[in-house]
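The next block is model_38.cif, given as mmCIF, C-alpha atoms.
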data_coords
loop_
_atom_site.group_PDB
_atom_site.id
_atom_site.type_symbol
_atom_site.label_atom_id
_atom_site.label_comp_id
_atom_site.auth_asym_id
_atom_site.auth_seq_id
_atom_site.Cartn_x
_atom_site.Cartn_y
_atom_site.Cartn_z
ATOM 1 C CA MET A 1468 -25.082 -35.613 6.563
ATOM 2 C CA PRO A 1469 -25.648 -38.144 9.342
ATOM 3 C CA ASP A 1470 -26.135 -37.054 12.926
ATOM 4 C CA VAL A 1471 -22.903 -36.415 14.804
ATOM 5 C CA CYS A 1472 -22.299 -38.087 18.166
ATOM 6 C CA ALA A 1473 -19.281 -38.039 20.443
ATOM 7 C CA VAL A 1474 -18.046 -40.822 22.701
ATOM 8 C CA THR A 1475 -15.453 -40.348 25.431
ATOM 9 C CA GLY A 1476 -13.578 -43.504 26.303
ATOM 10 C CA ALA A 1477 -13.105 -46.750 24.376
ATOM 11 C CA GLY A 1478 -13.535 -49.336 27.073
ATOM 12 C CA PRO A 1479 -16.166 -52.044 26.627
ATOM 13 C CA VAL A 1480 -19.063 -49.584 26.907
ATOM 14 C CA GLY A 1481 -17.641 -46.713 24.858
ATOM 15 C CA TRP A 1482 -16.398 -49.048 22.138
ATOM 16 C CA THR A 1483 -19.765 -50.799 21.866
ATOM 17 C CA VAL A 1484 -21.724 -47.534 21.852
ATOM 18 C CA ALA A 1485 -19.497 -46.170 19.066
ATOM 19 C CA GLU A 1486 -19.912 -49.324 16.972
ATOM 20 C CA GLN A 1487 -23.686 -49.361 17.376
ATOM 21 C CA LEU A 1488 -23.958 -45.669 16.483
ATOM 22 C CA ALA A 1489 -21.822 -46.098 13.366
ATOM 23 C CA ASP A 1490 -23.752 -49.202 12.327
ATOM 24 C CA ARG A 1491 -26.898 -47.044 12.455
ATOM 25 C CA GLY A 1492 -25.342 -44.504 10.107
ATOM 26 C CA ARG A 1493 -24.271 -41.921 12.691
ATOM 27 C CA GLN A 1494 -21.022 -40.007 12.360
ATOM 28 C CA VAL A 1495 -19.041 -40.697 15.528
ATOM 29 C CA ARG A 1496 -16.027 -39.096 17.166
ATOM 30 C CA VAL A 1497 -14.292 -41.214 19.800
ATOM 31 C CA LEU A 1498 -12.061 -39.328 22.224
ATOM 32 C CA THR A 1499 -9.404 -41.205 24.196
ATOM 33 C CA ARG A 1500 -5.933 -40.388 25.456
ATOM 34 C CA SER A 1501 -4.388 -42.885 23.048
ATOM 35 C CA GLY A 1502 -6.598 -42.271 20.028
ATOM 36 C CA SER A 1503 -7.965 -45.818 20.192
ATOM 37 C CA GLY A 1504 -11.405 -46.971 19.143
ATOM 38 C CA PRO A 1505 -13.286 -49.076 16.604
ATOM 39 C CA ASP A 1506 -12.153 -49.144 12.983
ATOM 40 C CA HIS A 1507 -15.189 -47.961 11.011
ATOM 41 C CA PRO A 1508 -15.652 -45.530 8.073
ATOM 42 C CA LEU A 1509 -18.001 -43.376 10.153
ATOM 43 C CA ILE A 1510 -15.795 -43.287 13.256
ATOM 44 C CA GLU A 1511 -13.141 -40.614 13.756
ATOM 45 C CA ARG A 1512 -10.664 -41.314 16.535
ATOM 46 C CA ILE A 1513 -9.282 -38.327 18.440
ATOM 47 C CA SER A 1514 -6.511 -38.375 21.033
ATOM 48 C CA GLY A 1515 -6.623 -35.970 23.937
ATOM 49 C CA ASP A 1516 -7.570 -35.308 27.535
ATOM 50 C CA ALA A 1517 -11.309 -35.412 28.242
ATOM 51 C CA LYS A 1518 -10.851 -32.646 30.811
ATOM 52 C CA ASP A 1519 -9.275 -30.238 28.292
ATOM 53 C CA PRO A 1520 -11.929 -27.710 27.127
ATOM 54 C CA ALA A 1521 -10.171 -27.146 23.787
ATOM 55 C CA VAL A 1522 -10.040 -30.867 23.049
ATOM 56 C CA LEU A 1523 -13.687 -31.267 24.029
ATOM 57 C CA ARG A 1524 -14.779 -28.418 21.749
ATOM 58 C CA THR A 1525 -13.147 -30.186 18.819
ATOM 59 C CA ALA A 1526 -14.604 -33.576 19.697
ATOM 60 C CA PHE A 1527 -18.096 -32.248 20.428
ATOM 61 C CA ALA A 1528 -18.456 -29.788 17.527
ATOM 62 C CA GLY A 1529 -21.893 -30.243 15.993
ATOM 63 C CA ALA A 1530 -22.714 -33.208 18.237
ATOM 64 C CA LYS A 1531 -26.303 -33.918 19.171
ATOM 65 C CA ALA A 1532 -25.371 -36.408 21.865
ATOM 66 C CA VAL A 1533 -22.304 -37.143 23.977
ATOM 67 C CA PHE A 1534 -21.780 -40.566 25.534
ATOM 68 C CA HIS A 1535 -19.390 -40.157 28.455
ATOM 69 C CA CYS A 1536 -17.940 -43.625 29.063
ATOM 70 C CA ILE A 1537 -14.700 -42.923 30.914
ATOM 71 C CA HIS A 1538 -13.934 -44.855 34.086
ATOM 72 C CA GLY A 1539 -11.385 -44.218 36.824
ATOM 73 C CA SER A 1540 -7.734 -45.149 36.472
ATOM 74 C CA ALA A 1541 -8.067 -47.512 39.448
ATOM 75 C CA TYR A 1542 -10.899 -49.320 41.187
ATOM 76 C CA THR A 1543 -10.673 -47.179 44.321
ATOM 77 C CA ALA A 1544 -12.799 -44.469 45.856
ATOM 78 C CA ALA A 1545 -9.756 -42.195 46.026
ATOM 79 C CA ALA A 1546 -9.075 -42.458 42.296
ATOM 80 C CA TRP A 1547 -12.720 -41.995 41.424
ATOM 81 C CA ARG A 1548 -13.118 -38.920 43.607
ATOM 82 C CA ALA A 1549 -9.903 -37.372 42.278
ATOM 83 C CA GLU A 1550 -10.703 -37.984 38.602
ATOM 84 C CA LEU A 1551 -14.365 -38.478 37.786
ATOM 85 C CA PRO A 1552 -16.179 -35.347 39.065
ATOM 86 C CA ALA A 1553 -13.803 -32.948 37.271
ATOM 87 C CA ALA A 1554 -14.028 -34.910 34.029
ATOM 88 C CA GLU A 1555 -17.822 -34.988 34.165
ATOM 89 C CA GLN A 1556 -18.068 -31.260 34.814
ATOM 90 C CA ALA A 1557 -15.756 -30.506 31.885
ATOM 91 C CA VAL A 1558 -17.843 -32.718 29.603
ATOM 92 C CA LEU A 1559 -21.120 -31.218 30.809
ATOM 93 C CA SER A 1560 -19.843 -27.685 30.197
ATOM 94 C CA ALA A 1561 -18.579 -28.490 26.710
ATOM 95 C CA ALA A 1562 -21.799 -30.312 25.815
ATOM 96 C CA GLN A 1563 -23.866 -27.353 26.967
ATOM 97 C CA GLU A 1564 -21.989 -25.116 24.541
ATOM 98 C CA VAL A 1565 -23.151 -27.215 21.579
ATOM 99 C CA GLY A 1566 -26.585 -28.098 22.935
ATOM 100 C CA ALA A 1567 -25.905 -31.825 23.294
ATOM 101 C CA VAL A 1568 -27.408 -34.262 25.772
ATOM 102 C CA VAL A 1569 -24.861 -36.224 27.820
ATOM 103 C CA VAL A 1570 -25.535 -39.925 28.407
ATOM 104 C CA PHE A 1571 -23.704 -41.793 31.179
ATOM 105 C CA PRO A 1572 -23.401 -45.508 31.892
ATOM 106 C CA GLU A 1573 -24.007 -45.950 35.603
ATOM 107 C CA SER A 1574 -23.713 -48.673 38.230
ATOM 108 C CA LEU A 1575 -26.050 -49.861 40.988
ATOM 109 C CA TYR A 1576 -23.652 -48.653 43.672
ATOM 110 C CA SER A 1577 -25.631 -45.570 44.697
ATOM 111 C CA TYR A 1578 -28.807 -47.484 45.559
ATOM 112 C CA SER A 1579 -29.179 -47.359 49.322
ATOM 113 C CA GLU A 1580 -31.739 -50.173 49.759
ATOM 114 C CA PRO A 1581 -30.098 -53.025 47.816
ATOM 115 C CA ASP A 1582 -31.757 -55.836 49.781
ATOM 116 C CA ARG A 1583 -35.021 -55.337 47.912
ATOM 117 C CA VAL A 1584 -35.519 -55.613 44.155
ATOM 118 C CA ILE A 1585 -33.909 -52.463 42.749
ATOM 119 C CA THR A 1586 -36.113 -50.310 40.524
ATOM 120 C CA GLU A 1587 -35.633 -46.846 39.062
ATOM 121 C CA ALA A 1588 -37.792 -45.481 41.894
ATOM 122 C CA GLY A 1589 -35.465 -46.834 44.581
ATOM 123 C CA PRO A 1590 -33.524 -44.364 46.746
ATOM 124 C CA ARG A 1591 -30.024 -43.483 45.571
ATOM 125 C CA ARG A 1592 -28.467 -42.121 48.759
ATOM 126 C CA ALA A 1593 -25.589 -44.511 49.487
ATOM 127 C CA THR A 1594 -22.653 -42.913 51.296
ATOM 128 C CA GLY A 1595 -18.987 -43.642 51.809
ATOM 129 C CA GLY A 1596 -16.359 -45.191 49.566
ATOM 130 C CA LYS A 1597 -17.090 -45.924 45.917
ATOM 131 C CA ARG A 1598 -20.836 -45.972 46.569
ATOM 132 C CA GLY A 1599 -20.755 -42.415 47.873
ATOM 133 C CA VAL A 1600 -18.804 -41.229 44.831
ATOM 134 C CA ARG A 1601 -21.498 -42.597 42.524
ATOM 135 C CA THR A 1602 -24.207 -40.875 44.596
ATOM 136 C CA ASP A 1603 -22.374 -37.560 44.333
ATOM 137 C CA LEU A 1604 -21.936 -37.920 40.568
ATOM 138 C CA LEU A 1605 -25.639 -38.559 40.061
ATOM 139 C CA GLN A 1606 -26.541 -35.551 42.174
ATOM 140 C CA ALA A 1607 -24.162 -33.330 40.176
ATOM 141 C CA ARG A 1608 -25.735 -34.486 36.913
ATOM 142 C CA GLU A 1609 -29.193 -33.736 38.264
ATOM 143 C CA ALA A 1610 -28.085 -30.220 39.212
ATOM 144 C CA SER A 1611 -26.461 -29.535 35.844
ATOM 145 C CA ALA A 1612 -28.032 -27.170 33.322
ATOM 146 C CA THR A 1613 -26.992 -29.630 30.602
ATOM 147 C CA PRO A 1614 -29.562 -32.346 29.844
ATOM 148 C CA THR A 1615 -28.328 -35.721 31.049
ATOM 149 C CA VAL A 1616 -29.367 -39.361 31.088
ATOM 150 C CA SER A 1617 -27.892 -42.036 33.358
ATOM 151 C CA VAL A 1618 -28.409 -45.661 32.321
ATOM 152 C CA VAL A 1619 -27.790 -48.088 35.175
ATOM 153 C CA ALA A 1620 -26.421 -51.586 34.614
ATOM 154 C CA GLY A 1621 -25.609 -54.578 36.752
ATOM 155 C CA ASP A 1622 -22.214 -56.271 36.619
ATOM 156 C CA PHE A 1623 -21.030 -56.385 33.019
ATOM 157 C CA PHE A 1624 -20.450 -59.306 30.721
ATOM 158 C CA GLY A 1625 -20.040 -59.547 26.977
ATOM 159 C CA PRO A 1626 -17.464 -58.918 24.252
ATOM 160 C CA ARG A 1627 -14.515 -56.758 25.373
ATOM 161 C CA VAL A 1628 -15.415 -57.121 29.039
ATOM 162 C CA ARG A 1629 -12.211 -58.353 30.639
ATOM 163 C CA MET A 1630 -11.788 -57.072 34.197
ATOM 164 C CA ALA A 1631 -15.123 -58.132 35.659
ATOM 165 C CA HIS A 1632 -16.657 -60.865 37.789
ATOM 166 C CA ALA A 1633 -18.153 -62.325 34.603
ATOM 167 C CA GLY A 1634 -15.094 -61.541 32.490
ATOM 168 C CA GLU A 1635 -11.587 -62.905 32.830
ATOM 169 C CA ARG A 1636 -12.432 -64.363 36.254
ATOM 170 C CA MET A 1637 -15.126 -66.559 34.766
ATOM 171 C CA VAL A 1638 -15.037 -66.927 30.967
ATOM 172 C CA ALA A 1639 -11.290 -67.475 30.664
ATOM 173 C CA PRO A 1640 -11.229 -70.388 33.166
ATOM 174 C CA VAL A 1641 -14.283 -71.940 31.519
ATOM 175 C CA LEU A 1642 -12.551 -71.948 28.124
ATOM 176 C CA ALA A 1643 -9.406 -73.377 29.704
ATOM 177 C CA GLY A 1644 -11.327 -76.204 31.347
ATOM 178 C CA LYS A 1645 -10.448 -74.954 34.828
ATOM 179 C CA ASN A 1646 -12.397 -74.317 37.996
ATOM 180 C CA VAL A 1647 -14.086 -70.950 38.434
ATOM 181 C CA SER A 1648 -13.561 -68.926 41.611
ATOM 182 C CA VAL A 1649 -16.174 -66.424 42.779
ATOM 183 C CA ILE A 1650 -16.598 -64.208 45.819
ATOM 184 C CA GLY A 1651 -19.364 -64.172 48.398
ATOM 185 C CA SER A 1652 -21.667 -66.926 47.236
ATOM 186 C CA ALA A 1653 -22.231 -69.047 44.144
ATOM 187 C CA SER A 1654 -25.915 -69.571 44.924
ATOM 188 C CA GLN A 1655 -27.377 -66.089 45.441
ATOM 189 C CA PRO A 1656 -29.250 -64.433 42.520
ATOM 190 C CA HIS A 1657 -27.342 -61.533 41.002
ATOM 191 C CA SER A 1658 -28.162 -59.232 38.085
ATOM 192 C CA PHE A 1659 -25.679 -59.250 35.201
ATOM 193 C CA THR A 1660 -26.065 -56.872 32.234
ATOM 194 C CA TYR A 1661 -24.934 -57.681 28.696
ATOM 195 C CA VAL A 1662 -22.920 -54.677 27.510
ATOM 196 C CA PRO A 1663 -24.492 -54.458 24.003
ATOM 197 C CA ASP A 1664 -27.885 -54.141 25.739
ATOM 198 C CA LEU A 1665 -26.563 -51.278 27.868
ATOM 199 C CA ALA A 1666 -25.184 -49.532 24.772
ATOM 200 C CA GLY A 1667 -28.482 -49.911 22.932
ATOM 201 C CA ALA A 1668 -30.404 -48.430 25.854
ATOM 202 C CA MET A 1669 -28.028 -45.461 26.069
ATOM 203 C CA ILE A 1670 -28.566 -44.689 22.376
ATOM 204 C CA ALA A 1671 -32.335 -45.099 22.701
ATOM 205 C CA ALA A 1672 -32.392 -42.686 25.655
ATOM 206 C CA ALA A 1673 -30.326 -40.114 23.762
ATOM 207 C CA ASP A 1674 -32.788 -40.237 20.884
ATOM 208 C CA GLN A 1675 -35.816 -39.540 23.100
ATOM 209 C CA PRO A 1676 -35.869 -36.051 24.676
ATOM 210 C CA SER A 1677 -38.751 -37.236 26.852
ATOM 211 C CA ALA A 1678 -36.288 -39.641 28.490
ATOM 212 C CA TRP A 1679 -33.732 -36.979 29.380
ATOM 213 C CA ASN A 1680 -32.948 -35.764 32.887
ATOM 214 C CA ALA A 1681 -33.742 -39.160 34.374
ATOM 215 C CA VAL A 1682 -32.180 -42.407 35.544
ATOM 216 C CA TRP A 1683 -33.071 -45.551 33.596
ATOM 217 C CA HIS A 1684 -32.120 -49.203 33.904
ATOM 218 C CA ALA A 1685 -30.378 -51.040 31.098
ATOM 219 C CA PRO A 1686 -32.291 -54.074 29.789
ATOM 220 C CA THR A 1687 -31.220 -56.877 32.094
ATOM 221 C CA GLY A 1688 -32.434 -60.463 32.093
ATOM 222 C CA PRO A 1689 -33.523 -62.492 35.105
ATOM 223 C CA ALA A 1690 -30.977 -62.581 37.912
ATOM 224 C CA ARG A 1691 -28.670 -65.603 37.813
ATOM 225 C CA THR A 1692 -26.386 -67.104 40.379
ATOM 226 C CA GLN A 1693 -22.691 -66.993 39.600
ATOM 227 C CA LYS A 1694 -22.801 -70.775 39.265
ATOM 228 C CA GLU A 1695 -25.615 -70.544 36.695
ATOM 229 C CA LEU A 1696 -23.785 -67.896 34.696
ATOM 230 C CA ALA A 1697 -20.600 -69.975 34.596
ATOM 231 C CA ALA A 1698 -22.664 -72.932 33.416
ATOM 232 C CA ALA A 1699 -24.191 -70.804 30.640
ATOM 233 C CA PHE A 1700 -20.730 -69.858 29.388
ATOM 234 C CA ALA A 1701 -19.663 -73.500 29.533
ATOM 235 C CA ALA A 1702 -22.723 -74.596 27.540
ATOM 236 C CA ALA A 1703 -21.977 -71.934 24.924
ATOM 237 C CA ALA A 1704 -18.405 -73.226 24.718
ATOM 238 C CA GLY A 1705 -19.499 -76.857 24.445
ATOM 239 C CA ARG A 1706 -17.843 -77.744 27.734
ATOM 240 C CA PRO A 1707 -19.146 -79.343 30.939
ATOM 241 C CA ALA A 1708 -20.188 -76.970 33.693
ATOM 242 C CA PRO A 1709 -17.126 -76.054 35.741
ATOM 243 C CA LYS A 1710 -16.632 -76.579 39.432
ATOM 244 C CA VAL A 1711 -17.247 -73.278 41.183
ATOM 245 C CA ARG A 1712 -15.171 -72.455 44.221
ATOM 246 C CA VAL A 1713 -16.252 -69.694 46.580
ATOM 247 C CA LEU A 1714 -14.008 -67.225 48.372
ATOM 248 C CA PRO A 1715 -16.144 -66.548 51.467
ATOM 249 C CA GLY A 1716 -16.687 -63.029 52.675
ATOM 250 C CA TRP A 1717 -14.817 -63.515 55.949
ATOM 251 C CA THR A 1718 -11.666 -64.456 54.014
ATOM 252 C CA LEU A 1719 -11.847 -61.364 51.851
ATOM 253 C CA ARG A 1720 -12.555 -59.137 54.850
ATOM 254 C CA ALA A 1721 -9.552 -60.568 56.665
ATOM 255 C CA ALA A 1722 -7.356 -59.952 53.619
ATOM 256 C CA ALA A 1723 -8.716 -56.399 53.471
ATOM 257 C CA LEU A 1724 -6.853 -55.608 56.686
ATOM 258 C CA VAL A 1725 -3.547 -55.797 54.809
ATOM 259 C CA SER A 1726 -4.464 -55.586 51.107
ATOM 260 C CA ALA A 1727 -5.826 -52.462 49.434
ATOM 261 C CA GLY A 1728 -7.173 -54.501 46.525
ATOM 262 C CA ALA A 1729 -9.024 -56.866 48.821
ATOM 263 C CA ARG A 1730 -10.385 -53.882 50.725
ATOM 264 C CA GLU A 1731 -11.948 -52.433 47.566
ATOM 265 C CA LEU A 1732 -13.590 -55.783 46.750
ATOM 266 C CA ALA A 1733 -14.759 -56.311 50.330
ATOM 267 C CA GLU A 1734 -16.673 -53.037 50.168
ATOM 268 C CA MET A 1735 -18.939 -54.583 47.521
ATOM 269 C CA LEU A 1736 -19.463 -57.991 49.188
ATOM 270 C CA TYR A 1737 -23.053 -57.057 50.043
ATOM 271 C CA GLN A 1738 -23.832 -57.538 46.338
ATOM 272 C CA PHE A 1739 -22.656 -61.163 46.343
ATOM 273 C CA GLU A 1740 -23.479 -62.527 49.783
ATOM 274 C CA ARG A 1741 -27.210 -61.762 49.467
ATOM 275 C CA PRO A 1742 -29.656 -61.493 46.560
ATOM 276 C CA PHE A 1743 -28.759 -58.460 44.435
ATOM 277 C CA VAL A 1744 -31.490 -58.030 41.849
ATOM 278 C CA MET A 1745 -32.418 -55.149 39.567
ATOM 279 C CA ASP A 1746 -35.621 -54.775 37.558
ATOM 280 C CA SER A 1747 -35.577 -53.089 34.151
ATOM 281 C CA ALA A 1748 -39.201 -53.575 33.047
ATOM 282 C CA ALA A 1749 -40.157 -49.893 33.327
ATOM 283 C CA SER A 1750 -37.117 -48.735 31.361
ATOM 284 C CA GLU A 1751 -37.538 -51.377 28.681
ATOM 285 C CA ALA A 1752 -41.120 -50.213 28.114
ATOM 286 C CA ALA A 1753 -40.244 -46.520 28.132
ATOM 287 C CA LEU A 1754 -37.189 -46.787 25.881
ATOM 288 C CA GLY A 1755 -38.501 -49.510 23.581
ATOM 289 C CA VAL A 1756 -35.591 -51.870 24.253
ATOM 290 C CA SER A 1757 -35.256 -55.441 25.524
ATOM 291 C CA HIS A 1758 -32.570 -57.696 26.937
ATOM 292 C CA THR A 1759 -30.742 -60.318 24.895
ATOM 293 C CA PRO A 1760 -31.505 -63.932 25.917
ATOM 294 C CA LEU A 1761 -28.718 -65.348 28.043
ATOM 295 C CA GLU A 1762 -27.946 -68.181 25.620
ATOM 296 C CA THR A 1763 -27.392 -65.681 22.774
ATOM 297 C CA ALA A 1764 -25.361 -63.297 24.928
ATOM 298 C CA ALA A 1765 -23.228 -66.103 26.354
ATOM 299 C CA ALA A 1766 -22.481 -67.448 22.865
ATOM 300 C CA ALA A 1767 -21.350 -64.018 21.620
ATOM 301 C CA THR A 1768 -19.215 -63.550 24.738
ATOM 302 C CA VAL A 1769 -17.526 -66.927 24.379
ATOM 303 C CA GLU A 1770 -16.878 -66.341 20.678
ATOM 304 C CA TRP A 1771 -15.158 -63.014 21.393
ATOM 305 C CA TRP A 1772 -12.945 -64.613 24.051
ATOM 306 C CA ARG A 1773 -12.011 -67.401 21.651
ATOM 307 C CA GLN A 1774 -10.974 -64.825 19.050
ATOM 308 C CA GLN A 1775 -8.675 -63.191 21.596
ATOM 309 C CA ARG A 1776 -6.936 -66.494 22.215
#

Have the structure of the file written as structure tokens, please.
Amino acid sequence: MPDVCAVTGAGPVGWTVAEQLADRGRQVRVLTRSGSGPDHPLIERISGDAKDPAVLRTAFAGAKAVFHCIHGSAYTAAAWRAELPAAEQAVLSAAQEVGAVVVFPESLYSYSEPDRVITEAGPRRATGGKRGVRTDLLQAREASATPTVSVVAGDFFGPRVRMAHAGERMVAPVLAGKNVSVIGSASQPHSFTYVPDLAGAMIAAADQPSAWNAVWHAPTGPARTQKELAAAFAAAAGRPAPKVRVLPGWTLRAAALVSAGARELAEMLYQFERPFVMDSAASEAALGVSHTPLETAAAATVEWWRQQR
């Protein structure tokens, strides 16, 4: 019998992890509220609440690894704090019962010195808002008796990535021959992570007990400006590079005075107004993984978006 793995959530990360596991011959259970997930002979889709201990026991039975890929219902610190810690504790408790390691996708939000190149050794002590929630989650994982791995990624792009700076805000306009609008700056280097590379690193970390109880970086290529990334998507689509319009930080901060959505985006402007660069060399060496060349990743991303149209 193949190894059993469980995946909670079927967003871009959970879906991709489940597909990669099944393609490697693993038996996979995907737990979501709706029972959604990839269609594959080795994937069983289960509907239920990821905070329900009974549901988790069923989904995790016999599992060697759990990939917890659930995100908050809204992009707000309030939603994250109300939902994510309880869900993670329920998953950690259920995984401990079956002796499984829990692997988490993680963001760069908790890093408290983002103006220098971000490495795994950098301090993760950010406070307040969404950044503080991520810090608290990492600390809770570290304190857990259940073995954990957190794999950090930059802003996502790739198949199934819709609501992202390099998703519907960038790829969709490129395919439509329209201008692209970005926040902060179009000329500052920024690290973007291809979701299949993140998924591969999460699986590699789960398979190496020596990598457990640590924070690793997903394989991520050289930092690109938002203008360069838009041009890469355009080249993959066979279109001219689009005009890139910038929504300056002061505009977003002014809108934040009256708009909750703008306020949540304004909190993260520091990532786009200045260089925001992560380094994954140490993790790539330790986990035996590497990043996908941008041209290849951009082509796969564009092809997926074309299929959706």

### Message
List as a PyMOL selection string the protein and nucleic acid residues near A:Asp1622, meaning an atom at most 12 Å away when only C-alpha atoms are counted, but skip any in the same chain fewer than 3 places from it.
### Response
chain A and resi 1572-1576+1619+1625+1628-1634+1657-1662+1665+1685+1687-1688+1690-1691+1693+1696+1735+1738-1739+1743-1745

Can you list, as a PDB file with C-alpha atoms, in the coordinates of the input, the residues that the PyMOL selection byres ((chain A and resi 1582-1597) around 10) selects here?
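As written to disk, selection-v4.pdb reads:
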ATOM      1  CA  TYR A1542     -10.899 -49.320  41.187  1.00  0.00           C
ATOM      2  CA  THR A1543     -10.673 -47.179  44.321  1.00  0.00           C
ATOM      3  CA  ALA A1544     -12.799 -44.469  45.856  1.00  0.00           C
ATOM      4  CA  ALA A1545      -9.756 -42.195  46.026  1.00  0.00           C
ATOM      5  CA  ALA A1546      -9.075 -42.458  42.296  1.00  0.00           C
ATOM      6  CA  TRP A1547     -12.720 -41.995  41.424  1.00  0.00           C
ATOM      7  CA  ARG A1548     -13.118 -38.920  43.607  1.00  0.00           C
ATOM      8  CA  LEU A1575     -26.050 -49.861  40.988  1.00  0.00           C
ATOM      9  CA  TYR A1576     -23.652 -48.653  43.672  1.00  0.00           C
ATOM     10  CA  SER A1577     -25.631 -45.570  44.697  1.00  0.00           C
ATOM     11  CA  TYR A1578     -28.807 -47.484  45.559  1.00  0.00           C
ATOM     12  CA  SER A1579     -29.179 -47.359  49.322  1.00  0.00           C
ATOM     13  CA  GLU A1580     -31.739 -50.173  49.759  1.00  0.00           C
ATOM     14  CA  PRO A1581     -30.098 -53.025  47.816  1.00  0.00           C
ATOM     15  CA  ARG A1598     -20.836 -45.972  46.569  1.00  0.00           C
ATOM     16  CA  GLY A1599     -20.755 -42.415  47.873  1.00  0.00           C
ATOM     17  CA  VAL A1600     -18.804 -41.229  44.831  1.00  0.00           C
ATOM     18  CA  ARG A1601     -21.498 -42.597  42.524  1.00  0.00           C
ATOM     19  CA  THR A1602     -24.207 -40.875  44.596  1.00  0.00           C
ATOM     20  CA  ASP A1603     -22.374 -37.560  44.333  1.00  0.00           C
ATOM     21  CA  LEU A1605     -25.639 -38.559  40.061  1.00  0.00           C
ATOM     22  CA  GLN A1606     -26.541 -35.551  42.174  1.00  0.00           C
ATOM     23  CA  VAL A1618     -28.409 -45.661  32.321  1.00  0.00           C
ATOM     24  CA  VAL A1619     -27.790 -48.088  35.175  1.00  0.00           C
ATOM     25  CA  ALA A1681     -33.742 -39.160  34.374  1.00  0.00           C
ATOM     26  CA  VAL A1682     -32.180 -42.407  35.544  1.00  0.00           C
ATOM     27  CA  TRP A1683     -33.071 -45.551  33.596  1.00  0.00           C
ATOM     28  CA  HIS A1684     -32.120 -49.203  33.904  1.00  0.00           C
ATOM     29  CA  GLU A1731     -11.948 -52.433  47.566  1.00  0.00           C
ATOM     30  CA  GLU A1734     -16.673 -53.037  50.168  1.00  0.00           C
ATOM     31  CA  MET A1735     -18.939 -54.583  47.521  1.00  0.00           C
ATOM     32  CA  TYR A1737     -23.053 -57.057  50.043  1.00  0.00           C
ATOM     33  CA  GLN A1738     -23.832 -57.538  46.338  1.00  0.00           C
ATOM     34  CA  ARG A1741     -27.210 -61.762  49.467  1.00  0.00           C
ATOM     35  CA  PRO A1742     -29.656 -61.493  46.560  1.00  0.00           C
ATOM     36  CA  PHE A1743     -28.759 -58.460  44.435  1.00  0.00           C
ATOM     37  CA  VAL A1744     -31.490 -58.030  41.849  1.00  0.00           C
ATOM     38  CA  MET A1745     -32.418 -55.149  39.567  1.00  0.00           C
ATOM     39  CA  ASP A1746     -35.621 -54.775  37.558  1.00  0.00           C
ATOM     40  CA  SER A1747     -35.577 -53.089  34.151  1.00  0.00           C
ATOM     41  CA  ALA A1748     -39.201 -53.575  33.047  1.00  0.00           C
ATOM     42  CA  ALA A1749     -40.157 -49.893  33.327  1.00  0.00           C
ATOM     43  CA  SER A1750     -37.117 -48.735  31.361  1.00  0.00           C
TER      44      SER A1750
END

### Message
To test your reading of the syntax: which residues would the PyMOL selection byres ((chain A and resi 1708) around 12) return for the file shown? Reply as a count of residues only.
### Response
27

### Message
What's the separation between atom CA of A:Ala1532 and atom CA of A:Ala1549, in Å to one decimal place?
### Response
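Taking atom CA of A:Ala1532 and atom CA of A:Ala1549, their separation equals 25.6 Å.
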
### 12 Å contact set for A:Ala1607, all atoms listed in the file, chain neighbours under 3 positions out, as a PyMOL selection string
chain A and resi 1551-1556+1559+1600-1604+1610-1615+1617+1680

Compile a residue-level contact table for stretch 1512-1538 of chain A against stretch 1502-1507 of chain A at a cut-off of 7 Å, reporting for every qualifying residue the shortest atom pair and its distance in Å to one decimal, with all atoms listed in the file counted, rows ordered by chain and ascending number, as a Markdown table.
| residue | atom | partner | partner_atom | distance |
| --- | --- | --- | --- | --- |
| A:Arg1512 | CA | A:Gly1502 | CA | 5.4 |
| A:Ile1513 | CA | A:Gly1502 | CA | 5.0 |
| A:Ser1514 | CA | A:Gly1502 | CA | 4.0 |

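Using only C-alpha atoms for every distance, the candidate list A:Ala1678, A:Ser1652, A:Leu1719, A:Ala1727 yields A:Ala1678 as the residue closest to A:Ala1752.
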
### Message
Translate the PyMOL selection byres ((chain A and resi 1477) around 7) into a concrete residue list for this structure, as a PyMOL selection string.
### Response
chain A and resi 1475-1476+1478-1479+1481-1482+1499+1503-1504

### Message
Nearest residue to A:Val1495 out of A:Ala1673, A:Cys1472, A:Leu1714, A:Ala1753, using only C-alpha atoms?
### Response
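Of A:Ala1673, A:Cys1472, A:Leu1714, A:Ala1753, the one nearest A:Val1495 is A:Cys1472, counting only C-alpha atoms.
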
### Task
To one decimal in Å, tell me the separation between atom CA of A:Ile1510 and atom CA of A:Ala1766.
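Distance reported for this atom pair: 26.8 Å.
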
### Task
May I ask for the distance between atom CA of A:Val1616 and atom CA of A:Ala1557, given in Å to one decimal place?
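Computed distance, atom CA of A:Val1616 to atom CA of A:Ala1557, equals 16.3 Å.
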
### Task
Kindly indicate which residue among A:His1758, A:Arg1720, A:Lys1531, A:Arg1500 lies nearest to A:Ala1666, using only C-alpha atoms for the distances.
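Checking each of A:His1758, A:Arg1720, A:Lys1531, A:Arg1500 against A:Ala1666, counting only C-alpha atoms, the winner is A:His1758.
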
### Task
Give the answer as one residue: which of A:Arg1496, A:Arg1491, A:Arg1608, A:His1538 has the shortest atom-to-atom distance to A:Val1522, using only C-alpha atoms?
A:Arg1496
